[in-house]
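Okay, work.cif is below, mmCIF, C-alpha atoms:
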```
data_final
loop_
_atom_site.label_atom_id
_atom_site.label_comp_id
_atom_site.auth_asym_id
_atom_site.auth_seq_id
_atom_site.Cartn_x
_atom_site.Cartn_y
_atom_site.Cartn_z
CA MET A 1 0.00 0.00 0.00
CA ALA A 2 0.96 3.64 -0.09
CA ALA A 3 4.41 4.08 1.37
CA ASN A 4 5.17 6.55 4.08
CA PRO A 5 5.72 9.87 2.27
CA MET A 6 8.64 10.64 4.53
CA THR A 7 10.67 7.54 3.72
CA GLN A 8 12.04 9.28 0.66
CA PHE A 9 13.98 11.59 2.96
CA GLU A 10 15.69 8.81 4.86
CA VAL A 11 19.46 8.77 4.75
CA TYR A 12 21.16 5.40 4.65
CA ARG A 13 24.72 4.27 4.44
CA ILE A 14 26.15 3.18 1.11
CA GLY A 15 29.17 0.99 1.55
CA PRO A 16 31.19 0.61 4.72
CA GLU A 17 31.02 2.74 7.82
CA ILE A 18 33.76 5.38 7.85
CA LYS A 19 34.67 7.00 11.13
CA ILE A 20 37.05 9.80 12.00
CA GLY A 21 37.42 9.76 15.74
CA THR A 22 33.90 9.56 17.03
CA PHE A 23 32.41 11.17 13.93
CA ASP A 24 30.59 9.00 11.46
CA ILE A 25 31.32 10.32 7.97
CA SER A 26 30.10 7.30 6.03
CA PHE A 27 29.19 7.67 2.38
CA THR A 28 25.40 7.89 2.24
CA ASN A 29 22.77 8.36 -0.42
CA ALA A 30 22.87 12.09 0.41
CA SER A 31 26.61 12.13 -0.25
CA LEU A 32 26.02 10.24 -3.47
CA PHE A 33 23.66 12.90 -4.78
CA MET A 34 25.96 15.70 -3.68
CA VAL A 35 28.73 14.06 -5.67
CA ILE A 36 26.43 13.46 -8.65
CA SER A 37 25.22 17.07 -8.66
CA SER A 38 28.74 18.46 -8.37
CA LEU A 39 30.03 16.16 -11.08
CA ALA A 40 27.12 17.06 -13.37
CA ILE A 41 27.84 20.76 -12.89
CA LEU A 42 31.55 20.27 -13.51
CA ILE A 43 31.00 18.14 -16.61
CA ILE A 44 28.43 20.47 -18.15
CA PHE A 45 30.42 23.63 -17.51
CA ASN A 46 33.69 22.02 -18.48
CA LEU A 47 32.18 20.98 -21.81
CA GLY A 48 30.63 24.43 -22.12
CA SER A 49 33.93 26.22 -21.67
CA LYS A 50 36.18 23.90 -23.64
CA LYS A 51 35.76 25.26 -27.11
CA ASN A 52 35.35 28.89 -27.85
CA SER A 53 33.51 29.43 -31.06
CA ILE A 54 31.92 32.68 -32.11
CA LEU A 55 28.70 30.82 -32.70
CA PRO A 56 28.37 28.73 -29.52
CA ASN A 57 27.00 25.21 -29.60
CA LYS A 58 24.17 24.22 -27.28
CA ILE A 59 26.20 23.29 -24.23
CA GLN A 60 28.45 26.33 -24.58
CA LEU A 61 25.38 28.51 -24.90
CA LEU A 62 23.97 26.93 -21.73
CA ALA A 63 27.16 27.60 -19.81
CA GLU A 64 27.46 31.16 -21.06
CA LEU A 65 23.79 31.95 -20.45
CA SER A 66 24.08 30.66 -16.89
CA TYR A 67 27.22 32.69 -16.42
CA SER A 68 25.63 35.92 -17.63
CA PHE A 69 22.42 35.15 -15.72
CA VAL A 70 24.23 34.86 -12.40
CA SER A 71 26.54 37.72 -13.27
CA LYS A 72 23.58 39.97 -14.00
CA MET A 73 21.82 38.85 -10.83
CA ILE A 74 24.85 39.78 -8.74
CA SER A 75 25.50 43.11 -10.39
CA ASP A 76 21.80 44.03 -10.12
CA THR A 77 21.51 43.28 -6.43
CA ALA A 78 24.98 43.78 -4.96
CA GLY A 79 26.66 46.10 -7.43
CA SER A 80 30.14 45.90 -8.90
CA LYS A 81 31.83 45.44 -5.52
CA ALA A 82 30.47 41.90 -5.33
CA LYS A 83 32.54 40.74 -8.30
CA PRO A 84 35.13 38.82 -6.23
CA TYR A 85 32.32 36.70 -4.78
CA PHE A 86 30.93 35.79 -8.17
CA SER A 87 32.36 32.29 -8.31
CA PHE A 88 31.06 31.48 -4.83
CA ILE A 89 27.53 32.62 -5.63
CA PHE A 90 27.68 30.91 -9.00
CA SER A 91 28.73 27.59 -7.41
CA LEU A 92 26.11 28.03 -4.70
CA PHE A 93 23.31 28.70 -7.18
CA MET A 94 24.36 25.82 -9.42
CA PHE A 95 24.79 23.41 -6.52
CA VAL A 96 21.38 24.15 -5.06
CA LEU A 97 19.74 24.15 -8.48
CA PHE A 98 21.25 20.81 -9.48
CA CYS A 99 20.45 19.20 -6.11
CA ASN A 100 16.85 20.40 -6.40
CA MET A 101 16.56 19.24 -9.99
CA PHE A 102 18.10 15.83 -9.36
CA GLY A 103 15.57 15.45 -6.58
CA MET A 104 12.81 15.72 -9.18
CA ILE A 105 13.84 12.44 -10.81
CA PRO A 106 11.83 9.58 -9.29
CA TYR A 107 13.66 7.35 -6.78
CA THR A 108 16.38 9.92 -6.23
CA PHE A 109 17.32 11.69 -3.06
CA THR A 110 16.89 15.45 -2.61
CA VAL A 111 19.97 16.78 -0.85
CA THR A 112 18.42 20.18 -0.20
CA SER A 113 15.40 18.67 1.57
CA HIS A 114 17.57 18.17 4.63
CA ILE A 115 17.68 21.01 7.11
CA ILE A 116 21.24 20.25 8.09
CA VAL A 117 22.51 20.74 4.52
CA THR A 118 20.70 24.00 3.95
CA PHE A 119 21.57 25.19 7.43
CA VAL A 120 25.27 24.57 6.89
CA LEU A 121 25.13 26.48 3.60
CA ALA A 122 23.13 29.31 5.14
CA SER A 123 25.32 29.63 8.22
CA PHE A 124 28.43 29.59 6.08
CA ILE A 125 26.91 32.47 4.06
CA PHE A 126 25.87 34.25 7.26
CA ILE A 127 29.29 33.97 8.87
CA GLY A 128 31.03 34.89 5.63
CA VAL A 129 28.87 37.96 5.08
CA THR A 130 29.32 39.10 8.69
CA VAL A 131 33.10 38.70 8.44
CA ILE A 132 33.17 40.60 5.14
CA GLY A 133 31.06 43.36 6.68
CA PHE A 134 33.38 43.76 9.65
CA ILE A 135 36.47 43.67 7.45
CA LYS A 136 35.08 46.31 5.08
CA HIS A 137 33.57 48.67 7.65
CA GLY A 138 35.13 47.75 11.00
CA PHE A 139 32.76 48.46 13.83
CA GLY A 140 30.91 50.79 11.51
CA TYR A 141 29.17 47.65 10.29
CA LEU A 142 27.08 47.81 13.44
CA LYS A 143 25.39 50.85 11.92
CA LEU A 144 23.43 48.27 9.94
CA PHE A 145 21.28 47.85 13.05
CA VAL A 146 20.61 51.58 13.38
CA PRO A 147 18.54 52.73 10.44
CA SER A 148 18.74 56.44 9.69
CA GLY A 149 15.69 58.65 9.98
CA VAL A 150 14.06 56.79 12.85
CA PRO A 151 12.70 58.72 15.86
CA VAL A 152 14.92 58.40 18.93
CA ILE A 153 12.09 56.96 21.02
CA LEU A 154 11.63 54.08 18.62
CA LEU A 155 15.34 53.48 18.21
CA PRO A 156 15.85 50.83 20.97
CA LEU A 157 12.94 48.81 19.64
CA ILE A 158 14.12 49.11 16.05
CA VAL A 159 17.66 48.09 16.95
CA VAL A 160 16.39 45.00 18.74
CA ILE A 161 14.21 44.09 15.79
CA GLU A 162 17.06 44.63 13.37
CA ILE A 163 19.41 42.46 15.40
CA ILE A 164 16.84 39.68 15.64
CA SER A 165 16.12 39.86 11.92
CA TYR A 166 19.85 39.81 11.18
CA LEU A 167 20.46 36.81 13.40
CA SER A 168 17.48 34.93 11.99
CA ARG A 169 18.83 35.23 8.46
CA PRO A 170 20.54 31.83 8.38
CA ILE A 171 17.47 30.19 9.85
CA SER A 172 15.04 31.79 7.43
CA LEU A 173 17.37 31.13 4.51
CA SER A 174 17.86 27.46 5.36
CA VAL A 175 14.30 26.73 6.45
CA ARG A 176 12.86 28.35 3.30
CA LEU A 177 14.77 26.05 1.00
CA PHE A 178 14.43 22.95 3.14
CA ALA A 179 10.71 23.39 3.78
CA ASN A 180 9.92 24.11 0.15
CA MET A 181 11.73 21.04 -1.06
CA MET A 182 10.35 18.78 1.64
CA ALA A 183 6.78 19.99 1.31
CA GLY A 184 6.78 19.64 -2.45
CA HIS A 185 8.21 16.14 -2.43
CA THR A 186 5.92 15.03 0.38
CA MET A 187 2.90 16.37 -1.43
CA MET A 188 3.88 14.56 -4.61
CA LYS A 189 4.36 11.36 -2.70
CA VAL A 190 0.97 11.74 -1.01
CA PHE A 191 -0.78 12.32 -4.30
CA GLY A 192 1.10 9.37 -5.76
CA GLY A 193 -0.22 7.28 -2.89
CA PHE A 194 -3.75 8.43 -3.67
CA VAL A 195 -3.37 7.22 -7.23
CA ILE A 196 -2.57 3.73 -6.00
CA SER A 197 -5.24 3.59 -3.32
CA LEU A 198 -8.04 4.99 -5.49
CA GLY A 199 -7.17 2.60 -8.26
CA ILE A 200 -8.36 2.72 -11.85
CA VAL A 201 -11.66 4.36 -10.93
CA GLY A 202 -10.70 7.37 -8.89
CA GLY A 203 -6.99 7.51 -9.43
CA TRP A 204 -7.16 9.87 -12.38
CA LEU A 205 -7.79 12.96 -10.35
CA PRO A 206 -4.76 12.65 -8.05
CA LEU A 207 -2.73 11.52 -11.05
CA SER A 208 -3.53 14.74 -12.90
CA PHE A 209 -2.69 16.63 -9.71
CA SER A 210 0.56 14.75 -9.53
CA VAL A 211 1.41 15.70 -13.11
CA ALA A 212 0.59 19.34 -12.45
CA LEU A 213 2.57 19.23 -9.21
CA THR A 214 5.60 17.89 -11.05
CA GLY A 215 5.60 20.99 -13.22
CA LEU A 216 5.11 23.19 -10.21
CA GLU A 217 7.88 21.44 -8.32
CA ILE A 218 10.33 21.94 -11.17
CA LEU A 219 9.45 25.62 -11.10
CA VAL A 220 9.88 25.65 -7.30
CA ALA A 221 13.21 23.86 -7.62
CA PHE A 222 14.50 26.59 -9.90
CA LEU A 223 12.85 29.37 -7.96
CA GLN A 224 14.22 28.28 -4.59
CA ALA A 225 17.73 28.03 -5.95
CA TYR A 226 17.29 31.51 -7.41
CA VAL A 227 15.89 32.86 -4.14
CA PHE A 228 18.72 31.28 -2.18
CA ALA A 229 21.30 32.88 -4.46
CA ILE A 230 19.61 36.26 -4.62
CA LEU A 231 19.20 36.46 -0.86
CA THR A 232 22.88 35.70 -0.54
CA CYS A 233 23.50 38.60 -2.93
CA ILE A 234 21.29 40.88 -0.86
CA TYR A 235 23.09 39.97 2.37
CA LEU A 236 26.37 40.52 0.58
CA ASN A 237 25.10 43.87 -0.60
CA ASP A 238 24.38 44.86 3.01
CA ALA A 239 27.92 43.95 3.93
CA LEU A 240 29.59 45.64 0.97
CA ASN A 241 27.54 48.79 0.53
CA LEU A 242 26.49 49.93 3.94
CA HIS A 243 23.60 52.32 3.40
CA HIS A 244 21.00 51.58 5.93
CA MET B 1 -23.10 2.55 -8.45
CA ILE B 2 -19.70 3.53 -9.80
CA LYS B 3 -20.22 7.01 -8.43
CA LYS B 4 -20.92 5.61 -5.02
CA ILE B 5 -17.76 3.53 -5.05
CA PHE B 6 -15.77 6.53 -6.23
CA PHE B 7 -16.93 8.80 -3.47
CA GLN B 8 -16.67 6.05 -0.89
CA SER B 9 -13.13 5.33 -1.92
CA ILE B 10 -12.21 9.01 -1.68
CA PHE B 11 -13.89 9.25 1.67
CA PHE B 12 -12.30 6.15 3.08
CA ASN B 13 -8.97 7.06 1.69
CA PHE B 14 -8.64 9.85 4.20
CA PHE B 15 -9.14 7.42 7.00
CA PHE B 16 -6.58 5.22 5.38
CA LEU B 17 -4.12 8.11 5.09
CA LYS B 18 -4.54 8.88 8.74
CA GLU B 19 -3.59 5.31 9.48
CA VAL B 20 -0.51 5.72 7.29
CA PHE B 21 0.61 8.78 9.19
CA ALA B 22 -0.19 7.10 12.45
CA ALA B 23 1.90 4.12 11.46
CA GLU B 24 4.88 6.39 10.90
CA SER B 25 7.15 6.54 13.87
CA GLY B 26 10.01 8.93 14.41
CA GLY B 27 8.56 11.78 12.30
CA MET B 28 10.86 13.57 9.88
CA PRO B 29 14.08 11.76 9.00
CA GLN B 30 15.62 15.23 8.60
CA LEU B 31 15.64 15.68 12.36
CA ASN B 32 17.44 12.43 12.99
CA PRO B 33 20.99 13.50 13.80
CA GLU B 34 22.52 10.13 12.97
CA PHE B 35 23.98 11.26 9.64
CA TRP B 36 24.33 14.99 10.24
CA ILE B 37 28.09 14.90 10.61
CA SER B 38 28.36 12.79 7.49
CA GLN B 39 26.19 15.18 5.56
CA ILE B 40 28.15 18.21 6.77
CA PHE B 41 31.41 16.50 5.86
CA TRP B 42 30.31 15.48 2.38
CA LEU B 43 28.66 18.80 1.71
CA THR B 44 31.84 20.65 2.63
CA LEU B 45 33.92 18.29 0.53
CA THR B 46 31.78 18.28 -2.61
CA PHE B 47 30.88 21.94 -2.46
CA GLY B 48 34.46 22.87 -1.70
CA ILE B 49 35.77 20.92 -4.67
CA LEU B 50 33.00 22.29 -6.87
CA TYR B 51 33.81 25.85 -5.80
CA ILE B 52 37.55 25.46 -6.29
CA VAL B 53 37.29 23.81 -9.70
CA LEU B 54 34.65 26.26 -10.92
CA SER B 55 36.44 29.37 -9.69
CA LYS B 56 39.97 28.33 -10.70
CA LEU B 57 39.43 26.46 -13.93
CA ILE B 58 36.02 26.79 -15.51
CA LEU B 59 34.60 30.22 -14.78
CA PRO B 60 37.72 32.13 -15.94
CA LYS B 61 37.53 30.23 -19.21
CA ILE B 62 33.86 31.08 -19.70
CA SER B 63 34.55 34.68 -18.79
CA ALA B 64 37.46 34.81 -21.24
CA ASN B 65 35.29 33.25 -23.94
CA LEU B 66 32.58 35.82 -23.35
CA GLU B 67 35.07 38.68 -23.35
CA LEU B 68 36.71 37.40 -26.49
CA ARG B 69 33.39 37.10 -28.26
CA LYS B 70 32.37 40.54 -27.08
CA SER B 71 35.60 42.12 -28.28
CA GLN B 72 35.45 40.21 -31.55
CA ILE B 73 31.91 41.33 -32.15
CA GLN B 74 32.91 44.86 -31.21
CA ASP B 75 35.85 44.70 -33.61
CA ASN B 76 33.61 43.41 -36.36
CA ILE B 77 31.09 46.14 -35.71
CA GLU B 78 33.86 48.72 -35.80
CA ALA B 79 35.25 47.30 -39.01
CA ALA B 80 31.80 47.29 -40.54
CA GLU B 81 31.28 50.87 -39.43
CA LYS B 82 34.62 51.87 -40.95
CA GLN B 83 33.80 50.15 -44.19
CA ARG B 84 30.43 51.81 -44.27
CA LYS B 85 32.06 55.21 -43.81
CA ASP B 86 34.61 54.38 -46.50
CA SER B 87 31.94 53.34 -48.92
CA GLU B 88 29.93 56.44 -48.11
CA SER B 89 32.89 58.69 -48.83
CA LYS B 90 33.57 56.74 -52.02
CA LEU B 91 29.97 57.18 -53.00
CA LYS B 92 30.26 60.90 -52.37
CA GLU B 93 33.42 61.06 -54.44
CA TYR B 94 31.72 59.16 -57.20
CA ASP B 95 28.74 61.48 -57.04
CA ASN B 96 31.07 64.45 -57.22
CA ILE B 97 32.84 63.03 -60.23
CA ILE B 98 29.57 62.40 -61.98
CA PHE B 99 28.35 65.87 -61.14
CA LYS B 100 31.57 67.45 -62.40
CA SER B 101 31.60 65.45 -65.58
CA LYS B 102 27.98 66.31 -66.19
CA LEU B 103 28.81 69.98 -65.75
CA GLU B 104 31.78 69.63 -68.06
CA ALA B 105 29.71 67.89 -70.67
CA LYS B 106 27.13 70.61 -70.43
CA ASN B 107 29.81 73.26 -70.84
CA ILE B 108 31.32 71.48 -73.78
CA PHE B 109 27.95 71.15 -75.37
CA LYS B 110 27.17 74.80 -74.77
CA ASP B 111 30.54 75.93 -76.13
CA SER B 112 30.32 73.86 -79.21
CA ARG B 113 26.79 74.97 -79.80
CA GLU B 114 27.77 78.59 -79.52
CA LYS B 115 30.69 77.99 -81.81
CA VAL B 116 28.54 76.31 -84.39
CA ILE B 117 25.93 79.03 -84.17
CA LYS B 118 28.61 81.65 -84.56
CA ASP B 119 30.07 79.83 -87.52
CA ILE B 120 26.71 79.51 -89.15
CA ASN B 121 25.98 83.14 -88.56
CA ASN B 122 29.34 84.16 -89.99
CA LYS B 123 28.87 82.05 -93.03
CA LYS B 124 25.39 83.33 -93.47
CA GLU B 125 26.59 86.91 -93.26
CA ASN B 126 29.36 86.24 -95.71
CA LEU B 127 27.01 84.63 -98.09
CA GLU B 128 24.54 87.44 -97.79
CA ASN B 129 27.27 89.95 -98.38
CA GLN B 130 28.43 88.12 -101.46
CA ILE B 131 24.93 87.78 -102.72
CA ASN B 132 24.30 91.43 -102.12
CA GLU B 133 27.46 92.35 -103.92
CA GLU B 134 26.60 90.17 -106.85
CA ILE B 135 23.13 91.58 -106.96
CA LYS B 136 24.58 95.04 -106.95
CA LYS B 137 26.98 94.14 -109.72
CA ALA B 138 24.21 92.63 -111.74
CA GLU B 139 22.05 95.67 -111.17
CA GLN B 140 24.89 97.91 -112.28
CA GLU B 141 25.38 95.83 -115.38
CA ILE B 142 21.69 95.96 -116.07
CA GLU B 143 21.83 99.67 -115.57
CA VAL B 144 24.71 99.98 -118.00
CA VAL B 145 22.94 97.82 -120.51
CA LYS B 146 19.79 99.82 -120.02
CA LYS B 147 21.61 103.03 -120.63
CA SER B 148 23.37 101.83 -123.72
CA ALA B 149 20.33 100.17 -125.23
CA PRO B 150 18.46 103.27 -126.70
CA GLU B 151 21.59 104.46 -128.47
CA LYS B 152 22.04 101.14 -130.17
CA ILE B 153 18.41 100.99 -131.09
CA ASN B 154 18.59 104.46 -132.41
CA LYS B 155 21.60 103.55 -134.50
CA ILE B 156 19.86 100.48 -135.84
CA ALA B 157 16.75 102.54 -136.49
CA ILE B 158 18.78 105.14 -138.34
CA GLU B 159 20.55 102.55 -140.41
CA ALA B 160 17.35 100.68 -141.12
CA SER B 161 15.45 103.82 -142.06
CA SER B 162 18.26 105.03 -144.32
CA GLU B 163 18.25 101.68 -146.07
CA LEU B 164 14.49 101.73 -146.38
CA VAL B 165 14.54 105.28 -147.76
CA LYS B 166 17.25 104.29 -150.29
CA LYS B 167 15.27 101.35 -151.46
CA LEU B 168 11.97 103.15 -151.55
CA ILE B 169 13.01 106.40 -153.03
CA GLY B 170 16.37 105.62 -154.42
CA ALA B 171 17.82 108.73 -152.97
CA GLU B 172 20.31 109.12 -150.30
CA ILE B 173 19.27 111.07 -147.29
CA ASN B 174 21.56 112.60 -144.89
CA ASN B 175 22.03 110.41 -141.89
CA SER B 176 21.90 113.34 -139.55
CA SER B 177 18.39 114.32 -140.56
CA ILE B 178 17.18 110.77 -140.01
CA SER B 179 18.81 110.56 -136.64
CA ALA B 180 17.15 113.81 -135.69
CA ILE B 181 13.77 112.31 -136.51
CA VAL B 182 14.56 109.07 -134.68
CA ASP B 183 15.76 110.98 -131.67
CA ASP B 184 12.64 113.04 -131.73
CA LEU B 185 10.48 109.94 -131.92
CA SER B 186 12.36 108.03 -129.25
CA LYS B 187 12.10 110.94 -126.94
CA LYS B 188 8.38 111.09 -127.53
CA ASN B 189 7.72 107.40 -127.16
CA GLY B 190 10.75 106.27 -125.20
CA ASP B 191 8.63 105.10 -122.40
CA LYS B 192 6.53 102.99 -124.75
CA TYR B 193 9.49 101.11 -126.13
CA TYR B 194 11.74 100.52 -123.20
CA GLY B 195 9.45 99.80 -120.40
CA ASN B 196 10.24 101.04 -116.91
#
```
Output the file's structure as structure tokens, nothing else.
Amino acid sequence: MAANPMTQFEVYRIGPEIKIGTFDISFTNASLFMVISSLAILIIFNLGSKKNSILPNKIQLLAELSYSFVSKMISDTAGSKAKPYFSFIFSLFMFVLFCNMFGMIPYTFTVTSHIIVTFVLASFIFIGVTVIGFIKHGFGYLKLFVPSGVPVILLPLIVVIEIISYLSRPISLSVRLFANMMAGHTMMKVFGGFVISLGIVGGWLPLSFSVALTGLEILVAFLQAYVFAILTCIYLNDALNLHH
Amino acid sequence: MIKKIFFQSIFFNFFFLKEVFAAESGGMPQLNPEFWISQIFWLTLTFGILYIVLSKLILPKISANLELRKSQIQDNIEAAEKQRKDSESKLKEYDNIIFKSKLEAKNIFKDSREKVIKDINNKKENLENQINEEIKKAEQEIEVVKKSAPEKINKIAIEASSELVKKLIGAEINNSSISAIVDDLSKKNGDKYYGN
């Protein structure tokens, strides 16, 4: 009968147990899909950058369009100062996008549907952005929490709110991606279960839902990767161009 | 009947789903920390390698490709622009040449026309002059002939009348008397005989 919709998120060991000290770093299905996504990105972009012809072939066009897409995204949101961080944001966007997209293939594992993965990415971004902000502006970076043009009476409240919102950035960033991916995949699984349980008579309705949801989920997979990258750009913008 | 089964199955399915969720134990696998360290480790490893390879090897190449294409396209556009300007200036030159040659041809045509007209006029004048002269000459000759004609006629008349008188009368008459008569007659009827 219909399987538990959450079993698709279960992590299991592939191969032997590897331990460093007390830490278990065994190769799991999650690791497998991280490796697959990274390899797919590297292969596609390596092929896309190998030959340089004036009239690009399809894969070169794909690589160059992605490059200019991310480049435009960064320059639109964070300005020209964010250029040194281009490769990081590009890898981040591509990694999240490919993990999301590989998750859309049936019987695969969605790396980004795990809170720990997205939280590590988000906290790395958060720490990195904070460090960049302090390096660029020194303690002047704390002015980020004191918006200009606010009445003095409201200032303590505003500063508290700003600090909370700043500290909750990694949480909101990670939970957004994780929850979107998990909810979408769970919903698809549930509708898939309906198809089986309603059988040939009533299964058509959830099946059509499932088909529609697949399209929606592909859109969400792209959109969440985009949102993840663009929020990173916005945080970076705060750190680079302090104008609060 | 089929409708009933359909709705029943939908209805009962929810109960069934509840059972499914109830059967699940442990909730979300995401919150199970068993493989968190492993996931963090592999994420750092794969993402780190991805970042290093992309930033050191692949992205500079793509960027260089894009720049190269941009500059090449720019160069081509510039070359095309230059050629366009060149061709425009050539066209202008060509137009100028045509204009000049047209003007020249017009001038030549005008000059030659004037020349020809002049020539014709000169020749015409010359001819007219000649004709006039000849007419004058002829008129003078006619005049001379006209003037000399009555004398001759008178002479002939005198000779003829003296002959006639000799034959008719057999006597010789003085020529002077005859010529007096003839002169008298010709003066009287001169107009009748010689026109004008």
Expanded to explicit residues, what is the PyMOL selection byres ((chain A) within 6 of (chain B)) for this file, as a list in words? Glu10, Asp24, Ile25, Ser26, Ser31, Ser38, Ser49, Asn52, Ser87, Ser91, His114 and Gly202 of chain A
Determine the residue set returned by the PyMOL selection byres ((chain A and resi 98) around 9) for the present structure, and present it as a compact mmCIF listing (two decimals) with C-alpha atoms, keeping the file's coordinate frame.
```txt
# COMPACT_ATOMS: atom_id res chain seq x y z
CA SER A 37 25.22 17.07 -8.66
CA SER A 38 28.74 18.46 -8.37
CA ALA A 40 27.12 17.06 -13.37
CA ILE A 41 27.84 20.76 -12.89
CA PHE A 93 23.31 28.70 -7.18
CA MET A 94 24.36 25.82 -9.42
CA PHE A 95 24.79 23.41 -6.52
CA VAL A 96 21.38 24.15 -5.06
CA LEU A 97 19.74 24.15 -8.48
CA CYS A 99 20.45 19.20 -6.11
CA ASN A 100 16.85 20.40 -6.40
CA MET A 101 16.56 19.24 -9.99
CA PHE A 102 18.10 15.83 -9.36
CA GLY A 103 15.57 15.45 -6.58
CA ALA A 221 13.21 23.86 -7.62
CA PHE A 222 14.50 26.59 -9.90
CA ALA A 225 17.73 28.03 -5.95
```
When the PyMOL selection byres ((chain A and resi 69) around 12) is applied to the file above, which residues end up in the set, as a CSV table (one decimal) with C-alpha atoms, in the frame of the given file?
```
chain,number,residue,atom,x,y,z
A,61,LEU,CA,25.4,28.5,-24.9
A,62,LEU,CA,24.0,26.9,-21.7
A,63,ALA,CA,27.2,27.6,-19.8
A,64,GLU,CA,27.5,31.2,-21.1
A,65,LEU,CA,23.8,32.0,-20.4
A,66,SER,CA,24.1,30.7,-16.9
A,67,TYR,CA,27.2,32.7,-16.4
A,68,SER,CA,25.6,35.9,-17.6
A,70,VAL,CA,24.2,34.9,-12.4
A,71,SER,CA,26.5,37.7,-13.3
A,72,LYS,CA,23.6,40.0,-14.0
A,73,MET,CA,21.8,38.8,-10.8
A,74,ILE,CA,24.8,39.8,-8.7
A,75,SER,CA,25.5,43.1,-10.4
A,76,ASP,CA,21.8,44.0,-10.1
A,86,PHE,CA,30.9,35.8,-8.2
A,89,ILE,CA,27.5,32.6,-5.6
A,90,PHE,CA,27.7,30.9,-9.0
A,93,PHE,CA,23.3,28.7,-7.2
A,94,MET,CA,24.4,25.8,-9.4
A,226,TYR,CA,17.3,31.5,-7.4
A,229,ALA,CA,21.3,32.9,-4.5
A,230,ILE,CA,19.6,36.3,-4.6
```
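Of the residues listed (A:Leu142, A:Met188, A:Ile158, A:Ile196), A:Met188 shows the shortest atom-to-atom separation from Phe209 in chain A; distances use only C-alpha atoms.
Across the structure, CA of Ile36 in chain A and CA of Val111 in chain A are spaced 10.7 Å apart.
With CA of Asn4 in chain A on one side and CA of Thr28 in chain A on the other, the separation reads 20.4 Å.
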Would you pick out the contacts of Ser174 in chain A at 6 Å or less, using all atoms listed in the file, so that residues sharing its chain but fewer than 6 positions from it are not included, and give the list as a count of residues only? 3
Got a sec: who's within 10 Å of Gly133 in chain A, counting only C-alpha atoms, leaving out chain neighbours fewer than 4 positions off, as number ranges by chain? A: 127-129, 137-142, 144, 235-242
Mind giving me the straight-line distance from CA of Ala30 in chain A to CA of Leu231 in chain A in Å, one decimal? 24.7 Å
Which centre and which edge lengths, in Å to one decimal, describe the axis-aligned box that holds all listed atoms of range 141-159 of chain B after 8 Å is added on each side, as AutoDock Vina command-line options?
```
--center_x 21.1 --center_y 100.5 --center_z -127.9 --size_x 24.6 --size_y 25.3 --size_z 41.0
```
Asn175 in chain B surroundings by all atoms listed in the file, 10 Å radius, close-in-sequence under 3 positions cut, as a VMD selection string: chain B and resid 158 to 159 161 to 162 172 178 to 180
Kindly save the residues from that selection, with C-alpha atoms included, as a PDB file, in the coordinates of the input.
```pdb
ATOM      1  CA  ILE B 158      18.780 105.140-138.340  1.00  0.00           C
ATOM      2  CA  GLU B 159      20.550 102.550-140.410  1.00  0.00           C
ATOM      3  CA  SER B 161      15.450 103.820-142.060  1.00  0.00           C
ATOM      4  CA  SER B 162      18.260 105.030-144.320  1.00  0.00           C
ATOM      5  CA  GLU B 172      20.310 109.120-150.300  1.00  0.00           C
ATOM      6  CA  ILE B 178      17.180 110.770-140.010  1.00  0.00           C
ATOM      7  CA  SER B 179      18.810 110.560-136.640  1.00  0.00           C
ATOM      8  CA  ALA B 180      17.150 113.810-135.690  1.00  0.00           C
TER       9      ALA B 180
END
```
